[in-house]
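Colleague: Structure file final-v2.cif, mmCIF, C-alpha atoms, is pasted below:
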data_structure
loop_
_atom_site.label_atom_id
_atom_site.label_comp_id
_atom_site.auth_asym_id
_atom_site.auth_seq_id
_atom_site.Cartn_x
_atom_site.Cartn_y
_atom_site.Cartn_z
CA MET J 1 88.42 93.09 92.33
CA GLU J 2 87.22 96.16 94.17
CA LYS J 3 88.87 99.49 93.37
CA PHE J 4 90.83 100.95 96.25
CA PRO J 5 89.27 104.21 97.45
CA VAL J 6 92.26 106.46 98.17
CA VAL J 7 91.42 108.67 101.13
CA PHE J 8 93.45 111.84 100.85
CA GLU J 9 90.79 114.18 102.15
CA ASP J 10 91.02 114.62 105.87
CA LYS J 11 88.12 112.42 107.00
CA LEU J 12 90.57 110.44 109.09
CA HIS J 13 92.25 113.52 110.57
CA LEU J 14 95.48 112.63 108.78
CA ALA J 15 96.75 116.21 108.93
CA GLN J 16 96.63 116.17 112.73
CA LEU J 17 98.09 112.67 112.89
CA ALA J 18 100.87 113.70 110.49
CA LYS J 19 101.66 116.65 112.75
CA GLU J 20 101.81 114.34 115.78
CA VAL J 21 104.10 111.86 113.99
CA TRP J 22 106.26 114.74 112.70
CA GLU J 23 106.64 116.06 116.25
CA ALA J 24 107.19 112.61 117.81
CA LEU J 25 109.98 111.87 115.32
CA GLY J 26 111.60 115.23 115.98
CA CYS J 27 111.31 116.28 112.36
CA LYS J 28 112.24 119.86 111.50
CA ASP J 29 111.41 120.40 107.81
CA PRO J 30 107.74 121.39 107.33
CA LEU J 31 107.57 119.49 104.02
CA THR J 32 108.06 116.29 106.00
CA ARG J 33 104.50 116.69 107.33
CA ALA J 34 103.12 116.54 103.78
CA PHE J 35 105.41 113.56 103.11
CA ILE J 36 103.93 111.79 106.15
CA ARG J 37 100.35 112.45 104.92
CA VAL J 38 101.17 110.96 101.53
CA ALA J 39 102.82 108.01 103.29
CA PHE J 40 99.54 107.41 105.16
CA VAL J 41 97.81 106.94 101.80
CA ALA J 42 100.60 104.53 100.79
CA PHE J 43 99.97 102.58 104.01
CA GLN J 44 96.29 102.26 103.10
CA VAL J 45 97.15 101.07 99.58
CA PHE J 46 99.66 98.57 101.00
CA ASP J 47 97.06 97.20 103.42
CA TRP J 48 94.42 96.92 100.70
CA LYS J 49 96.78 95.17 98.27
CA GLN J 50 97.98 92.76 100.96
CA ARG J 51 94.38 91.70 101.52
CA GLN J 52 94.01 91.20 97.75
CA TYR J 53 97.31 89.45 96.96
CA GLY J 54 98.87 88.15 100.18
CA THR J 55 102.60 87.70 100.74
CA ARG J 56 103.52 84.78 98.50
CA ASN J 57 104.01 86.80 95.30
CA ILE J 58 106.86 88.73 96.97
CA ALA J 59 108.12 85.87 99.14
CA GLN J 60 109.08 83.77 96.11
CA LYS J 61 111.89 86.09 94.98
CA GLY J 62 112.24 88.60 97.82
CA ALA J 63 114.15 91.81 97.16
CA GLU J 64 115.43 90.46 93.84
CA GLY J 65 111.84 90.18 92.57
CA ILE J 66 111.13 93.74 93.68
CA VAL J 67 113.68 94.98 91.14
CA THR J 68 111.57 93.55 88.31
CA ARG J 69 108.39 95.08 89.67
CA LEU J 70 110.10 98.45 90.12
CA TRP J 71 111.47 98.32 86.58
CA ASP J 72 107.96 97.70 85.23
CA LYS J 73 106.57 100.67 87.15
CA VAL J 74 109.44 103.01 86.22
CA SER J 75 109.11 101.97 82.56
CA ARG J 76 105.39 102.76 82.67
CA ILE J 77 106.03 106.26 84.05
CA ASP J 78 108.91 106.85 81.63
CA ASN J 79 106.74 105.85 78.68
CA ILE J 80 103.98 108.26 79.69
CA TYR J 81 106.32 111.23 80.11
CA GLU J 82 108.78 110.47 77.30
CA LYS J 83 106.14 110.10 74.63
CA GLY J 84 104.17 113.06 75.89
CA LYS J 85 101.08 110.96 76.27
CA GLN J 86 98.14 112.63 77.92
CA ASP J 87 96.44 109.31 78.53
CA GLU J 88 97.26 107.20 81.51
CA PRO J 89 97.27 103.43 81.11
CA ALA J 90 93.84 101.92 81.64
CA GLY J 91 93.16 101.07 85.24
CA GLU J 92 96.19 102.77 86.77
CA THR J 93 96.80 106.47 87.25
CA VAL J 94 100.24 108.07 87.35
CA GLU J 95 99.63 108.63 91.07
CA ASP J 96 98.89 104.90 91.50
CA THR J 97 102.15 104.04 89.74
CA PHE J 98 104.23 106.46 91.84
CA GLY J 99 102.56 105.06 94.97
CA ASP J 100 103.39 101.50 93.92
CA ILE J 101 107.02 102.49 93.34
CA GLY J 102 107.19 103.90 96.87
CA ASN J 103 105.56 100.85 98.41
CA TYR J 104 107.78 98.45 96.45
CA GLY J 105 110.80 100.33 97.80
CA LEU J 106 109.57 99.79 101.35
CA ILE J 107 108.73 96.15 100.64
CA GLY J 108 112.28 95.74 99.30
CA LEU J 109 113.61 97.10 102.60
CA MET J 110 111.34 94.73 104.51
CA CYS J 111 112.84 91.86 102.51
CA ARG J 112 116.40 93.06 103.10
CA TYR J 113 115.70 93.35 106.85
CA GLY J 114 114.26 89.83 106.87
CA LEU J 115 110.78 91.09 107.75
CA TRP J 116 108.83 89.78 104.72
CA PRO J 117 107.19 86.45 105.58
CA GLY J 118 108.76 83.57 103.67
CA SER J 119 111.17 85.72 101.65
CA PRO J 120 114.60 84.27 100.84
CA GLU J 121 116.14 86.97 103.05
CA GLN J 122 113.94 85.99 106.01
CA LEU J 123 114.68 82.31 105.53
CA ARG J 124 118.43 83.00 105.47
CA LYS J 125 118.10 85.12 108.61
CA ILE J 126 116.18 82.35 110.40
CA ALA J 127 118.81 79.81 109.28
CA GLY J 128 121.52 82.08 110.66
CA SER J 129 123.36 82.53 107.36
CA GLU J 130 122.98 86.33 107.33
#
Could you show the structure in this file as structure tokens?
Modeller:
Amino acid sequence: MEKFPVVFEDKLHLAQLAKEVWEALGCKDPLTRAFIRVAFVAFQVFDWKQRQYGTRNIAQKGAEGIVTRLWDKVSRIDNIYEKGKQDEPAGETVEDTFGDIGNYGLIGLMCRYGLWPGSPEQLRKIAGSE
């Protein structure tokens, strides 16, 4: 599997785009612009992982399954910081783990809103039981 090349440098003019999104949303706090730039990287990671894994792994359990994935990621971060380890787990940086936690939170919301294809929440929404 190819390694995702995180693009945080401004080759894509993300700083300008973040400013435009910040203004369009009527944001006031300047830190929100940095938050938006980091979110752009999360969008890229989400897109890359979707092409690698598809939707079925989430669709099987929906938001309930997200809780397990979040717990795994939080446990990984907790273990690194609690034990004072300087080494990150092989193949995943602390930044990768924090990014996954953020994306799983958004995926959980997509499930809850019935937006994740084939999720139990979407199927209930289609059936009219939500």
Colleague: When you draw a straight line from atom CA of Ile36 of chain J to atom CA of Phe98 of chain J, how long is it in Å?
Modeller: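 One can read the atom CA of Ile36 of chain J to atom CA of Phe98 of chain J distance as 15.3 Å.
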Colleague: At a cut-off of 7 Å, using only C-alpha atoms, what residues contact Phe46 of chain J? Leave out same-chain residues fewer than 4 positions from it and give the result as a list in words.
Modeller: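 The residues satisfying every condition are Ala42, Gln50 and Asn103 of chain J.
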Colleague: Starting from the shown file, work through the PyMOL selection byres ((chain J and resi 66) around 10) and note down what comes out as a ChimeraX atom specification.
Modeller: /J:58,61-65,67-72,101,104-109,111
Colleague: Ranking J:Ala24, J:Val74, J:Leu31, J:Met110 by minimum distance to Thr97 of chain J and counting all atoms listed in the file, which one comes first?
Modeller: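 Result for the nearest residue to Thr97 of chain J: J:Val74.
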Colleague: Report, in Å to a single decimal, how far apart atom CA of Thr93 of chain J and atom CA of Gln44 of chain J are.
Modeller: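 Rounded to one decimal, the two atoms are 16.4 Å apart.
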Colleague: Could you work out how far atom CA of Ala18 of chain J lies from atom CA of Ala34 of chain J, giving the answer in Å with one decimal?
Modeller: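 Result for atom CA of Ala34 of chain J versus atom CA of Ala18 of chain J: 7.6 Å, one decimal.
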Colleague: Leaving out Thr55 of chain J and any residue of its chain fewer than 5 positions from it, which residues lie within 8 Å of it when counting only C-alpha atoms, given as number ranges by chain?
Modeller: J: 50, 116-118
Colleague: Give me the result of the PyMOL selection byres ((chain J and resi 94) around 12) on this file, residue by residue, as a ChimeraX atom specification.
Modeller: /J:73-81,85-93,95-101
Colleague: Go through J:Val38, J:Leu17, J:Val45, J:Ser119 one by one, measure the shortest atom-to-atom distance of each to Gln60 of chain J using only C-alpha atoms, and give the residue with the smallest value.
Modeller: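 Looking at the shortest contact to Gln60 of chain J, the residue is J:Ser119.
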Colleague: So that all listed atoms of segment 120-124 of chain J fit with 5 Å spare on each side, what axis-aligned box centre and edge lengths in Å, to one decimal, would you give as lines of an AutoDock Vina configuration file?
Modeller:
center_x = 116.2
center_y = 84.6
center_z = 103.4
size_x = 14.5
size_y = 14.7
size_z = 15.2
